[in-house]
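Structure record follows, encoded as structure tokens.
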Amino acid sequence: MQPHQLNPAIETQFEAVNDYIINHLGSNVPLVEKIGHYIVESGGKRIRPLLVLLAANVAGYKGKEHISLAAIIEFIHTATLLHDDVVDNSDLRRGKDTANAKWGNAPSVLVGDFLYSRAFQIMVEIGSMEIMSVISNATNVIAEGEVLQLLNTKNPDTTEDAYMQVILGKTAMLFEAATEAGAILANSSASEREALRLYGLHLGTAFQLIDDVMDYLSTAEEMGKNVGDDLAEGKATLPLIHAMRAGTEEQRLLVRQAIRKGGLDDLQPIMDIVKETGAIEYTQQKAQTEADSAIAALTALPDNSFKDTLIQIANIAVKRKS
């Protein structure tokens with residue numbers, strides 16, 4: 001079951017978001033449309049736009065602008081994926097060739113820019129300065145997070161705190177913007193807006209931590225991308241950081257060496273070390289703590305089916321394998 005199917009009351013709205021996205025990919029440049037449609041239609045759970053819908057609904061919103069707001073969030077997310085795949089030299093995402101693998105780096109980056117600008121065009125149509133402030137700030141923090149991750153690449157001395165800061169920027173920030181913007185659109189009270197903001201922040205953090213775990217546990221078929229991508233790119237994610245901290249001197253040195261050089265030559269021994277040092281369980285527990293914090297934040301919200309769905313999503317996020 002897909003996340004949007006958890007709540008029948010949201011399914012029609014979710015389909016409206018999909019239609020809106022497709023209808024707003026139009027461009028006078030055929031390649032822009034071609035790449036835009038390819039990446040947008042390539043699957044994915046669309047969890048971020050779903051969070052916009054749920055955040056607006058849980059607070060009692062009755063209008064229609066949450067549809068376009070959800071599309072904005074998905075366009076921004078898709079733009080970051082296009083740029084990330086170029087930076088990481090990725091060739092597989094969601095089980096399909098990446099756009100850069102099919103068309104090259106330059107078109108991928110430029111279509112990513114187009115999706116960013118289209119998102120801001122739609123945002124102007126909504127006309128809320130508060131929403132513009134939240135989303136523009138989020139895109140800025142996301143960009144900083146990506147640069148910070150780049151600086152930490154092939155650096156085995158990356159600390160847990162430094163890595164959590166990367167997660168905040170590159171993943172959690174857009175989750176936070178999605179739920180907070182939905183709350184703003186619904187004219188939520190200050191306490192409800194803060195509750196939804198915190199929910200998004202903690203959920204996004206949990207989501208990324210489980211992504212980190214999947215790189216060492218899941219199959220390529222489950223993830224839709226290559227196993228060991230993080231290691232291949234020299235990313236010191238939390239499982240590796242903990243493995244270096246908890247392992248023997250020999251294990252620590254092997255992990256450090258693997259991070260420094262990148263590639264997949266040492267994938268199997270590194271996967272063994274990650275499992276032997278309890279790094280999987282450590283990261284999973286950290287993700288569970290974040291999910292629990294997300295659920296706890298919802299206490300300030302009224303009890304309804306949309307709140308129940310937000311709780312379900314937090315629980316599913318830490319148990320997923322894709």
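Residues in the structure tokens are numbered from 1 in each chain, the chains being A, B, ... in the order shown, and ligands are numbered from 1 in the order shown.
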Members of stretch 11-251 of chain A assigned strand (DSSP E) by DSSP, as a PyMOL selection string: chain A and resi 92-93+96-97
Can you list, as a CSV table (one decimal) with C-alpha atoms, in the first residue's frame, every residue of stretch 146-268 of chain A that DSSP puts in helix (DSSP H, G or I)?
chain,number,residue,atom,x,y,z
A,146,GLU,CA,24.3,19.8,-0.2
A,147,VAL,CA,27.5,21.9,-0.2
A,148,LEU,CA,28.2,20.8,3.4
A,149,GLN,CA,27.8,17.1,2.3
A,150,LEU,CA,30.2,17.8,-0.6
A,151,LEU,CA,32.7,19.2,1.8
A,152,ASN,CA,32.4,16.1,4.0
A,160,GLU,CA,27.9,12.5,14.2
A,161,ASP,CA,26.9,16.1,14.9
A,162,ALA,CA,28.2,17.2,11.6
A,163,TYR,CA,26.4,14.5,9.7
A,164,MET,CA,23.1,15.3,11.5
A,165,GLN,CA,23.6,18.9,10.3
A,166,VAL,CA,23.8,17.6,6.7
A,167,ILE,CA,20.6,15.5,7.2
A,168,LEU,CA,18.8,18.6,8.5
A,169,GLY,CA,19.8,20.5,5.3
A,170,LYS,CA,19.5,18.0,2.6
A,171,THR,CA,16.4,16.1,3.7
A,172,ALA,CA,14.6,17.2,6.9
A,173,MET,CA,14.3,20.8,5.8
A,174,LEU,CA,11.9,20.1,2.9
A,175,PHE,CA,9.8,17.8,5.1
A,176,GLU,CA,9.6,20.7,7.6
A,177,ALA,CA,8.7,23.2,4.9
A,178,ALA,CA,6.0,20.9,3.6
A,179,THR,CA,4.2,20.5,6.9
A,180,GLU,CA,4.7,24.1,8.1
A,181,ALA,CA,3.5,25.6,4.7
A,182,GLY,CA,0.4,23.4,4.9
A,183,ALA,CA,-0.3,24.7,8.4
A,184,ILE,CA,0.1,28.3,7.2
A,185,LEU,CA,-2.3,27.8,4.3
A,190,ALA,CA,0.7,29.2,16.4
A,191,SER,CA,0.8,26.0,18.4
A,192,GLU,CA,-0.6,23.9,15.6
A,193,ARG,CA,1.9,25.4,13.1
A,194,GLU,CA,4.8,24.7,15.4
A,195,ALA,CA,3.5,21.1,16.0
A,196,LEU,CA,3.4,20.4,12.3
A,197,ARG,CA,6.8,22.1,11.7
A,198,LEU,CA,8.4,19.9,14.3
A,199,TYR,CA,6.6,16.8,13.0
A,200,GLY,CA,8.1,17.4,9.5
A,201,LEU,CA,11.6,18.1,10.9
A,202,HIS,CA,11.7,14.9,12.9
A,203,LEU,CA,10.0,12.8,10.3
A,204,GLY,CA,12.5,14.0,7.6
A,205,THR,CA,15.4,13.2,9.9
A,206,ALA,CA,14.1,9.7,10.6
A,207,PHE,CA,13.5,9.2,6.9
A,208,GLN,CA,17.1,10.0,5.9
A,209,LEU,CA,18.5,7.8,8.7
A,210,ILE,CA,16.6,4.8,7.4
A,211,ASP,CA,17.9,5.7,3.9
A,212,ASP,CA,21.4,5.4,5.4
A,213,VAL,CA,20.6,2.0,6.8
A,214,MET,CA,19.1,0.7,3.6
A,215,ASP,CA,22.4,1.4,1.7
A,216,TYR,CA,23.9,-1.5,3.7
A,217,LEU,CA,20.8,-3.7,4.1
A,220,ALA,CA,19.1,-2.7,-5.5
A,221,GLU,CA,15.6,-4.0,-6.4
A,222,GLU,CA,14.2,-2.9,-3.1
A,223,MET,CA,15.9,0.5,-3.1
A,229,ASP,CA,26.1,4.1,-3.4
A,230,ASP,CA,27.0,6.1,-0.2
A,231,LEU,CA,30.2,4.2,0.3
A,232,ALA,CA,31.1,4.5,-3.4
A,238,LEU,CA,25.9,7.5,10.4
A,239,PRO,CA,26.3,3.7,10.1
A,240,LEU,CA,30.0,4.3,9.0
A,241,ILE,CA,30.5,6.9,11.7
A,242,HIS,CA,29.3,4.6,14.4
A,243,ALA,CA,31.2,1.6,13.0
A,244,MET,CA,34.4,3.6,13.3
A,245,ARG,CA,33.6,4.6,16.8
A,246,ALA,CA,32.5,1.1,18.0
A,249,GLU,CA,41.3,-0.6,15.4
A,250,GLU,CA,41.6,-2.8,12.4
A,251,GLN,CA,37.9,-2.3,11.5
A,252,ARG,CA,38.2,1.5,12.1
A,253,LEU,CA,41.2,1.8,9.7
A,254,LEU,CA,39.5,-0.2,7.0
A,255,VAL,CA,36.4,2.0,7.1
A,256,ARG,CA,38.5,5.1,7.1
A,257,GLN,CA,40.4,3.9,4.1
A,258,ALA,CA,37.2,3.0,2.3
A,259,ILE,CA,35.7,6.5,2.9
A,260,ARG,CA,38.8,8.2,1.8
A,261,LYS,CA,39.1,6.4,-1.5
A,267,LEU,CA,31.9,-3.0,0.0
A,268,GLN,CA,31.5,-6.5,1.4
Who sits within 12 Å of A:Arg46, only C-alpha atoms, same chain under 5 positions skipped, as a ChimeraX atom specification: /A:2-5,14-15,17-18,21,40-41,51-53,70-78,175,178
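Distance annotation: of A:Asn57, A:Asn28, A:Asn187, A:Gln312, the residue with the minimal separation from A:Glu130 is A:Asn187; atom set is only C-alpha atoms.
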Selected residue of minimal separation from A:Leu81 among A:Pro49, A:Leu115, A:Ile67, A:Val227, counting only C-alpha atoms: A:Leu115
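Rounded to one decimal, atom CA of A:Asp265 and atom CA of A:Glu281 lie 24.4 Å from each other.
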Selection near A:Tyr38, 12 Å with only C-alpha atoms, sequence-local residues under 2 positions removed, as a count of residues only: 25
Straight-line distance linking atom CA of A:Thr299 with atom CA of A:Gly145, stated in Å to one decimal: 29.6 Å
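Reported to one decimal place, the separation of atom CA of A:Ala236 from atom CA of A:Gln284 is 16.3 Å.
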